[in-house]
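What follows is entry24.txt (compact mmCIF, N, CA and C atoms and all ligand atoms).
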# COMPACT_ATOMS: atom_id res chain seq x y z
N MET A 1 19.30 22.40 -25.79
CA MET A 1 19.09 21.04 -26.29
C MET A 1 17.84 20.46 -25.62
N ILE A 2 17.04 19.72 -26.37
CA ILE A 2 15.79 19.15 -25.85
C ILE A 2 15.92 17.63 -25.74
N ASP A 3 15.52 17.09 -24.58
CA ASP A 3 15.52 15.64 -24.39
C ASP A 3 14.34 15.06 -25.17
N PRO A 4 14.58 14.07 -26.05
CA PRO A 4 13.49 13.55 -26.89
C PRO A 4 12.40 12.80 -26.11
N MET A 5 12.76 12.18 -24.98
CA MET A 5 11.76 11.42 -24.20
C MET A 5 10.81 12.33 -23.43
N SER A 6 11.39 13.31 -22.76
CA SER A 6 10.59 14.16 -21.87
C SER A 6 10.18 15.48 -22.52
N GLY A 7 10.88 15.88 -23.56
CA GLY A 7 10.61 17.17 -24.17
C GLY A 7 11.17 18.32 -23.36
N GLU A 8 11.99 17.97 -22.38
CA GLU A 8 12.53 18.97 -21.45
C GLU A 8 13.85 19.53 -21.97
N ALA A 9 14.08 20.83 -21.72
CA ALA A 9 15.37 21.43 -22.06
C ALA A 9 16.43 20.85 -21.13
N VAL A 10 17.56 20.47 -21.68
CA VAL A 10 18.62 19.86 -20.87
C VAL A 10 19.95 20.58 -21.09
N ASP A 11 20.81 20.43 -20.08
CA ASP A 11 22.17 20.97 -20.16
C ASP A 11 23.05 19.92 -20.85
N PRO A 12 23.54 20.18 -22.05
CA PRO A 12 24.30 19.16 -22.77
C PRO A 12 25.65 18.83 -22.15
N ARG A 13 26.09 19.62 -21.18
CA ARG A 13 27.37 19.35 -20.53
C ARG A 13 27.27 18.22 -19.51
N VAL A 14 26.04 17.88 -19.11
CA VAL A 14 25.85 16.83 -18.10
C VAL A 14 25.88 15.46 -18.76
N ASP A 15 26.59 14.53 -18.13
CA ASP A 15 26.73 13.19 -18.69
C ASP A 15 26.70 12.17 -17.55
N CYS A 16 25.88 11.14 -17.70
CA CYS A 16 25.77 10.11 -16.66
C CYS A 16 27.12 9.44 -16.37
N THR A 17 27.99 9.38 -17.35
CA THR A 17 29.25 8.68 -17.13
C THR A 17 30.17 9.44 -16.17
N ARG A 18 29.83 10.70 -15.93
CA ARG A 18 30.64 11.48 -14.98
C ARG A 18 29.80 11.85 -13.75
N CYS A 19 28.88 10.98 -13.39
CA CYS A 19 27.99 11.22 -12.25
C CYS A 19 27.96 9.97 -11.40
N GLU A 20 27.69 10.15 -10.10
CA GLU A 20 27.61 9.01 -9.19
C GLU A 20 26.20 8.46 -9.11
N ALA A 21 25.46 8.57 -10.19
CA ALA A 21 24.10 8.02 -10.28
C ALA A 21 23.22 8.52 -9.14
N VAL A 22 23.35 9.79 -8.83
CA VAL A 22 22.60 10.33 -7.70
C VAL A 22 21.09 10.30 -7.92
N CYS A 23 20.65 10.28 -9.19
CA CYS A 23 19.20 10.17 -9.43
C CYS A 23 18.69 8.82 -8.95
N CYS A 24 19.55 7.83 -8.84
CA CYS A 24 19.14 6.50 -8.40
C CYS A 24 19.07 6.42 -6.88
N ARG A 25 19.07 7.57 -6.22
CA ARG A 25 18.79 7.66 -4.78
C ARG A 25 17.43 8.29 -4.54
N LEU A 26 16.75 8.70 -5.60
CA LEU A 26 15.42 9.29 -5.46
C LEU A 26 14.36 8.19 -5.36
N THR A 27 13.22 8.54 -4.80
CA THR A 27 12.12 7.58 -4.74
C THR A 27 11.60 7.31 -6.15
N VAL A 28 11.49 6.04 -6.50
CA VAL A 28 10.96 5.65 -7.81
C VAL A 28 9.63 4.92 -7.58
N VAL A 29 8.55 5.61 -7.90
CA VAL A 29 7.22 5.01 -7.77
C VAL A 29 6.96 4.21 -9.04
N LEU A 30 6.52 2.98 -8.87
CA LEU A 30 6.28 2.10 -10.01
C LEU A 30 4.88 2.32 -10.58
N MET A 31 4.78 2.21 -11.89
CA MET A 31 3.52 2.36 -12.61
C MET A 31 2.97 0.97 -12.94
N PRO A 32 1.68 0.88 -13.22
CA PRO A 32 1.08 -0.44 -13.51
C PRO A 32 1.78 -1.18 -14.66
N ASP A 33 2.29 -0.46 -15.64
CA ASP A 33 2.94 -1.13 -16.77
C ASP A 33 4.41 -1.47 -16.54
N ASP A 34 4.95 -1.10 -15.40
CA ASP A 34 6.35 -1.42 -15.11
C ASP A 34 6.46 -2.90 -14.73
N HIS A 35 7.51 -3.53 -15.19
CA HIS A 35 7.73 -4.95 -14.87
C HIS A 35 9.12 -5.11 -14.29
N VAL A 36 9.18 -4.91 -13.00
CA VAL A 36 10.44 -4.96 -12.27
C VAL A 36 10.41 -6.22 -11.40
N PRO A 37 11.52 -6.96 -11.30
CA PRO A 37 11.52 -8.15 -10.44
C PRO A 37 11.05 -7.81 -9.02
N ASP A 38 10.19 -8.66 -8.48
CA ASP A 38 9.57 -8.40 -7.17
C ASP A 38 10.59 -8.14 -6.06
N HIS A 39 11.72 -8.86 -6.11
CA HIS A 39 12.68 -8.71 -5.01
C HIS A 39 13.35 -7.32 -5.00
N LEU A 40 13.12 -6.54 -6.04
CA LEU A 40 13.69 -5.19 -6.09
C LEU A 40 12.67 -4.11 -5.73
N THR A 41 11.48 -4.53 -5.34
CA THR A 41 10.43 -3.56 -5.03
C THR A 41 10.11 -3.56 -3.55
N ALA A 42 9.42 -2.50 -3.14
CA ALA A 42 9.01 -2.37 -1.74
C ALA A 42 7.73 -1.55 -1.71
N ARG A 43 7.13 -1.44 -0.52
CA ARG A 43 5.95 -0.59 -0.32
C ARG A 43 6.38 0.65 0.45
N SER A 44 5.99 1.80 -0.03
CA SER A 44 6.32 3.02 0.70
C SER A 44 5.42 3.13 1.91
N GLU A 45 5.73 4.06 2.78
CA GLU A 45 4.89 4.25 3.97
C GLU A 45 3.49 4.71 3.58
N HIS A 46 3.33 5.20 2.35
CA HIS A 46 2.02 5.62 1.86
C HIS A 46 1.33 4.51 1.05
N GLY A 47 1.94 3.33 1.04
CA GLY A 47 1.33 2.19 0.38
C GLY A 47 1.61 2.09 -1.11
N LEU A 48 2.50 2.93 -1.62
CA LEU A 48 2.82 2.88 -3.04
C LEU A 48 3.89 1.83 -3.30
N GLU A 49 3.82 1.19 -4.47
CA GLU A 49 4.88 0.27 -4.86
C GLU A 49 6.04 1.09 -5.41
N VAL A 50 7.19 0.89 -4.84
CA VAL A 50 8.38 1.67 -5.22
C VAL A 50 9.56 0.73 -5.41
N MET A 51 10.63 1.27 -6.01
CA MET A 51 11.88 0.54 -6.06
C MET A 51 12.44 0.48 -4.64
N ALA A 52 12.90 -0.70 -4.24
CA ALA A 52 13.51 -0.86 -2.92
C ALA A 52 14.86 -0.15 -2.92
N ARG A 53 15.35 0.16 -1.74
CA ARG A 53 16.66 0.79 -1.61
C ARG A 53 17.53 -0.03 -0.67
N ASP A 54 18.84 0.11 -0.87
CA ASP A 54 19.74 -0.55 0.06
C ASP A 54 19.94 0.34 1.29
N GLU A 55 20.76 -0.13 2.22
CA GLU A 55 20.94 0.60 3.48
C GLU A 55 21.58 1.97 3.30
N ASP A 56 22.23 2.18 2.16
CA ASP A 56 22.85 3.48 1.91
C ASP A 56 21.95 4.41 1.10
N GLY A 57 20.78 3.94 0.75
CA GLY A 57 19.83 4.79 0.04
C GLY A 57 19.82 4.63 -1.46
N TRP A 58 20.68 3.75 -1.99
CA TRP A 58 20.70 3.55 -3.44
C TRP A 58 19.60 2.58 -3.83
N CYS A 59 19.09 2.78 -5.02
CA CYS A 59 18.10 1.85 -5.57
C CYS A 59 18.67 0.44 -5.54
N ALA A 60 17.82 -0.52 -5.20
CA ALA A 60 18.27 -1.91 -5.10
C ALA A 60 18.71 -2.48 -6.45
N ALA A 61 18.35 -1.81 -7.53
CA ALA A 61 18.71 -2.32 -8.85
C ALA A 61 20.06 -1.81 -9.34
N ILE A 62 20.67 -0.94 -8.57
CA ILE A 62 21.93 -0.37 -9.08
C ILE A 62 23.08 -1.36 -8.90
N ASP A 63 23.94 -1.37 -9.90
CA ASP A 63 25.18 -2.15 -9.81
C ASP A 63 26.17 -1.25 -9.07
N PRO A 64 26.48 -1.57 -7.81
CA PRO A 64 27.27 -0.64 -7.00
C PRO A 64 28.71 -0.48 -7.47
N LEU A 65 29.19 -1.45 -8.20
CA LEU A 65 30.57 -1.38 -8.67
C LEU A 65 30.73 -0.38 -9.81
N HIS A 66 29.77 -0.40 -10.71
CA HIS A 66 29.88 0.44 -11.91
C HIS A 66 28.89 1.60 -11.91
N LEU A 67 28.01 1.66 -10.89
CA LEU A 67 26.96 2.67 -10.81
C LEU A 67 26.11 2.70 -12.08
N HIS A 68 25.78 1.50 -12.54
CA HIS A 68 24.89 1.36 -13.67
C HIS A 68 23.61 0.67 -13.20
N CYS A 69 22.55 0.87 -13.94
CA CYS A 69 21.29 0.18 -13.65
C CYS A 69 21.41 -1.26 -14.12
N SER A 70 21.16 -2.20 -13.20
CA SER A 70 21.29 -3.62 -13.55
C SER A 70 20.06 -4.14 -14.30
N ILE A 71 19.01 -3.34 -14.35
CA ILE A 71 17.79 -3.75 -15.08
C ILE A 71 17.45 -2.70 -16.12
N TYR A 72 18.48 -2.15 -16.76
CA TYR A 72 18.29 -0.99 -17.64
C TYR A 72 17.17 -1.21 -18.67
N ALA A 73 17.15 -2.38 -19.29
CA ALA A 73 16.13 -2.63 -20.32
C ALA A 73 14.73 -2.69 -19.72
N GLN A 74 14.64 -3.01 -18.42
CA GLN A 74 13.35 -3.12 -17.73
C GLN A 74 13.12 -1.96 -16.78
N ARG A 75 13.94 -0.93 -16.83
CA ARG A 75 13.84 0.13 -15.83
C ARG A 75 12.45 0.77 -15.85
N PRO A 76 12.01 1.25 -14.68
CA PRO A 76 10.66 1.80 -14.57
C PRO A 76 10.44 3.04 -15.44
N THR A 77 9.20 3.32 -15.68
CA THR A 77 8.80 4.46 -16.52
C THR A 77 9.41 5.77 -16.02
N ILE A 78 9.38 5.97 -14.71
CA ILE A 78 9.92 7.21 -14.16
C ILE A 78 11.40 7.36 -14.50
N CYS A 79 12.13 6.27 -14.45
CA CYS A 79 13.56 6.31 -14.78
C CYS A 79 13.74 6.64 -16.26
N ARG A 80 12.88 6.10 -17.09
CA ARG A 80 12.98 6.39 -18.53
C ARG A 80 12.69 7.85 -18.83
N MET A 81 11.83 8.44 -18.03
CA MET A 81 11.42 9.83 -18.28
C MET A 81 12.40 10.84 -17.69
N PHE A 82 13.29 10.38 -16.81
CA PHE A 82 14.20 11.30 -16.12
C PHE A 82 15.25 11.79 -17.11
N ALA A 83 15.24 13.08 -17.38
CA ALA A 83 16.10 13.64 -18.43
C ALA A 83 17.50 13.95 -17.89
N MET A 84 18.50 13.33 -18.50
CA MET A 84 19.89 13.64 -18.16
C MET A 84 20.14 15.12 -18.47
N GLY A 85 20.56 15.87 -17.45
CA GLY A 85 20.81 17.29 -17.65
C GLY A 85 19.57 18.15 -17.55
N GLY A 86 18.42 17.54 -17.24
CA GLY A 86 17.18 18.30 -17.06
C GLY A 86 17.14 18.99 -15.71
N SER A 87 16.08 19.71 -15.45
CA SER A 87 16.02 20.52 -14.23
C SER A 87 16.12 19.68 -12.96
N GLN A 88 15.43 18.54 -12.91
CA GLN A 88 15.49 17.71 -11.69
C GLN A 88 16.87 17.07 -11.54
N CYS A 89 17.46 16.68 -12.65
CA CYS A 89 18.81 16.11 -12.63
C CYS A 89 19.79 17.14 -12.07
N LEU A 90 19.72 18.36 -12.58
CA LEU A 90 20.64 19.40 -12.12
C LEU A 90 20.43 19.68 -10.63
N GLU A 91 19.17 19.68 -10.22
CA GLU A 91 18.86 19.97 -8.82
C GLU A 91 19.39 18.88 -7.88
N VAL A 92 19.18 17.62 -8.23
CA VAL A 92 19.61 16.54 -7.34
C VAL A 92 21.13 16.44 -7.32
N ARG A 93 21.78 16.74 -8.45
CA ARG A 93 23.25 16.75 -8.47
C ARG A 93 23.79 17.87 -7.59
N GLU A 94 23.15 19.03 -7.65
CA GLU A 94 23.60 20.17 -6.84
C GLU A 94 23.43 19.86 -5.34
N THR A 95 22.30 19.30 -4.98
CA THR A 95 22.04 18.96 -3.57
C THR A 95 23.07 17.94 -3.08
N TYR A 96 23.31 16.93 -3.88
CA TYR A 96 24.26 15.87 -3.51
C TYR A 96 25.66 16.46 -3.34
N ARG A 97 26.08 17.29 -4.30
CA ARG A 97 27.41 17.91 -4.25
C ARG A 97 27.54 18.80 -3.01
N ASP A 98 26.49 19.56 -2.74
CA ASP A 98 26.50 20.47 -1.60
C ASP A 98 26.61 19.70 -0.28
N GLN A 99 25.84 18.62 -0.16
CA GLN A 99 25.87 17.83 1.07
C GLN A 99 27.23 17.15 1.25
N ARG A 100 27.80 16.70 0.17
CA ARG A 100 29.13 16.06 0.27
C ARG A 100 30.18 17.08 0.68
N LEU A 101 30.13 18.26 0.08
CA LEU A 101 31.11 19.29 0.40
C LEU A 101 31.02 19.71 1.87
N ARG A 102 29.81 19.75 2.39
CA ARG A 102 29.62 20.18 3.77
C ARG A 102 29.68 19.02 4.76
N GLY A 103 29.91 17.80 4.24
CA GLY A 103 30.04 16.65 5.12
C GLY A 103 28.75 16.25 5.79
N ILE A 104 27.63 16.62 5.17
CA ILE A 104 26.33 16.28 5.76
C ILE A 104 25.95 14.88 5.31
N PRO A 105 25.59 14.02 6.27
CA PRO A 105 25.13 12.68 5.87
C PRO A 105 23.94 12.81 4.94
N ILE A 106 23.96 12.06 3.87
CA ILE A 106 22.90 12.17 2.88
C ILE A 106 21.77 11.22 3.27
N VAL A 107 20.68 11.80 3.71
CA VAL A 107 19.53 11.04 4.17
C VAL A 107 18.39 11.30 3.19
N LEU A 108 17.75 10.24 2.78
CA LEU A 108 16.65 10.39 1.82
C LEU A 108 15.32 10.24 2.52
N GLU A 109 14.32 10.92 1.98
CA GLU A 109 12.96 10.80 2.50
C GLU A 109 12.25 9.67 1.80
S1 LIG A 201 15.68 1.16 -11.67
FE1 LIG A 201 17.70 1.54 -12.55
S2 LIG A 201 17.59 3.63 -13.44
FE2 LIG A 201 15.85 3.39 -12.01
S3 LIG A 201 16.55 4.21 -10.03
FE3 LIG A 201 16.96 1.98 -10.03
S4 LIG A 201 19.08 1.75 -10.76
FE4 LIG A 201 18.39 3.83 -11.32

Go ahead and express the file in the form of structure tokens.
Amino acid sequence: MIDPMSGEAVDPRVDCTRCEAVCCRLTVVLMPDDHVPDHLTARSEHGLEVMARDEDGWCAAIDPLHLHCSIYAQRPTICRMFAMGGSQCLEVRETYRDQRLRGIPIVLE
């Protein structure tokens, strides 16, 4: 199956509704055309404008109760391009699952 946004081959068995939104723990670099509320953004150590994160590493825009994006209609370009079931999705889910199984604290770069 091919994701229409990214053109990437995806695993159709993967579904966001059965995931803990682990992609929303990745660094999201903002593009010039992104319009995200300022209070949800931060500067990376390299000076890039990024989505801010909370103390647990989740994107500041996530609704922690439902694990949904609270700014879905305004979500950044990178989030729009992230293919559900694509290679990066599968990789981050696998890493998250592995760290949880081994009891390793999940620390993000
Ligand atoms: S902006 Fe929304 S979709 Fe993007 S990482 Fe944050 S919560 Fe997830």

Chain A: residues DSSP assigns to helix (DSSP H, G or I), reported as a ChimeraX atom specification: /A:16-18,22-25,38-40,72-74,77-81,87-101

Atom pair atom N of Ile78 of chain A / atom CA of Asp98 of chain A: separation (Å): 26.0 Å

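Distances from A:Leu48, A:Val92, A:Val28, A:Leu101 to ligand LIG 201 (chain A) were compared using only C-alpha atoms and all ligand atoms, and the smallest one belongs to A:Val28.
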
Shell of 6 Å around segment 83-89 of chain A, only C-alpha atoms, local chain residues under 6 positions omitted, as a list in words: Val10, Asp11 and Val14 of chain A

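The residue that comes closest to ligand LIG 201 (chain A), out of A:Thr17, A:Thr95, A:Ser44, A:Thr27 and on the basis of only C-alpha atoms and all ligand atoms, is A:Thr27.
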
Listing only residues of chain A within 6 Å of ligand LIG 201 (chain A), what is the closest atom pair and its distance in Å (to one decimal) for each, using only N, CA and C atoms and all ligand atoms, sorted by chain and residue number ascending, as JSON lines?
{"residue": "A:Cys23", "atom": "C", "partner": "A:LIG201", "partner_atom": "S3", "distance": 5.2}
{"residue": "A:Cys24", "atom": "CA", "partner": "A:LIG201", "partner_atom": "S3", "distance": 3.8}
{"residue": "A:Arg25", "atom": "N", "partner": "A:LIG201", "partner_atom": "S3", "distance": 5.7}
{"residue": "A:Cys59", "atom": "CA", "partner": "A:LIG201", "partner_atom": "FE3", "distance": 4.6}
{"residue": "A:Ala60", "atom": "N", "partner": "A:LIG201", "partner_atom": "FE3", "distance": 5.5}
{"residue": "A:Ala61", "atom": "C", "partner": "A:LIG201", "partner_atom": "S4", "distance": 4.0}
{"residue": "A:Ile62", "atom": "N", "partner": "A:LIG201", "partner_atom": "S4", "distance": 3.8}
{"residue": "A:Asp63", "atom": "N", "partner": "A:LIG201", "partner_atom": "S4", "distance": 5.8}
{"residue": "A:His68", "atom": "C", "partner": "A:LIG201", "partner_atom": "S4", "distance": 5.3}
{"residue": "A:Cys69", "atom": "CA", "partner": "A:LIG201", "partner_atom": "S4", "distance": 4.0}
{"residue": "A:Ser70", "atom": "N", "partner": "A:LIG201", "partner_atom": "S4", "distance": 5.1}
{"residue": "A:Ile71", "atom": "N", "partner": "A:LIG201", "partner_atom": "FE1", "distance": 5.4}
{"residue": "A:Tyr72", "atom": "N", "partner": "A:LIG201", "partner_atom": "FE1", "distance": 5.7}
{"residue": "A:Arg75", "atom": "CA", "partner": "A:LIG201", "partner_atom": "S1", "distance": 4.7}
{"residue": "A:Pro76", "atom": "N", "partner": "A:LIG201", "partner_atom": "S1", "distance": 4.7}
{"residue": "A:Cys79", "atom": "CA", "partner": "A:LIG201", "partner_atom": "FE2", "distance": 4.6}

Backbone-only DSSP, strand (DSSP E) members of segment 19-58 of chain A, as a PyMOL selection string: chain A and resi 41-43+49-51

Using 4 Å of padding on each side, determine the axis-aligned box around all atoms of segment 63-79 of chain A present in the file and give its centre and edge lengths in Å to one decimal, as AutoDock Vina command-line options.
--center_x 19.8 --center_y 1.6 --center_z -13.7 --size_x 29.9 --size_y 19.5 --size_z 21.3

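In this structure, atom CA of Asp34 of chain A sits 17.9 Å away from atom C of Trp58 of chain A.
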
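You will find atom CA of Phe82 of chain A at 10.9 Å from atom CA of Leu26 of chain A.
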
Surrounding residues of Gln74 of chain A excluding itself and chain neighbours under 6 positions, 12 Å, only C-alpha atoms, as number ranges by chain: A: 30, 33-37, 40, 61, 80

Residue contacts of Glu49 of chain A (10 Å, only C-alpha atoms) excluding same-chain residues fewer than 2 positions away, as an MDAnalysis selection string: chainID A and resid 28:32 41:47 51:52

Export, as a compact mmCIF listing (two decimals), keeping the file's coordinate frame, the selected residues with N, CA and C atoms.
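Once everything was written out, this is selection20.txt:
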# COMPACT_ATOMS: atom_id res chain seq x y z
N VAL A 28 11.49 6.04 -6.50
CA VAL A 28 10.96 5.65 -7.81
C VAL A 28 9.63 4.92 -7.58
N VAL A 29 8.55 5.61 -7.90
CA VAL A 29 7.22 5.01 -7.77
C VAL A 29 6.96 4.21 -9.04
N LEU A 30 6.52 2.98 -8.87
CA LEU A 30 6.28 2.10 -10.01
C LEU A 30 4.88 2.32 -10.58
N MET A 31 4.78 2.21 -11.89
CA MET A 31 3.52 2.36 -12.61
C MET A 31 2.97 0.97 -12.94
N PRO A 32 1.68 0.88 -13.22
CA PRO A 32 1.08 -0.44 -13.51
C PRO A 32 1.78 -1.18 -14.66
N THR A 41 11.48 -4.53 -5.34
CA THR A 41 10.43 -3.56 -5.03
C THR A 41 10.11 -3.56 -3.55
N ALA A 42 9.42 -2.50 -3.14
CA ALA A 42 9.01 -2.37 -1.74
C ALA A 42 7.73 -1.55 -1.71
N ARG A 43 7.13 -1.44 -0.52
CA ARG A 43 5.95 -0.59 -0.32
C ARG A 43 6.38 0.65 0.45
N SER A 44 5.99 1.80 -0.03
CA SER A 44 6.32 3.02 0.70
C SER A 44 5.42 3.13 1.91
N GLU A 45 5.73 4.06 2.78
CA GLU A 45 4.89 4.25 3.97
C GLU A 45 3.49 4.71 3.58
N HIS A 46 3.33 5.20 2.35
CA HIS A 46 2.02 5.62 1.86
C HIS A 46 1.33 4.51 1.05
N GLY A 47 1.94 3.33 1.04
CA GLY A 47 1.33 2.19 0.38
C GLY A 47 1.61 2.09 -1.11
N MET A 51 10.63 1.27 -6.01
CA MET A 51 11.88 0.54 -6.06
C MET A 51 12.44 0.48 -4.64
N ALA A 52 12.90 -0.70 -4.24
CA ALA A 52 13.51 -0.86 -2.92
C ALA A 52 14.86 -0.15 -2.92

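You can rank A:Ala9, A:Met81, A:Val22, A:Ile2 by their closest distance to Arg93 of chain A using all atoms listed in the file, and at the top of that list sits A:Val22.
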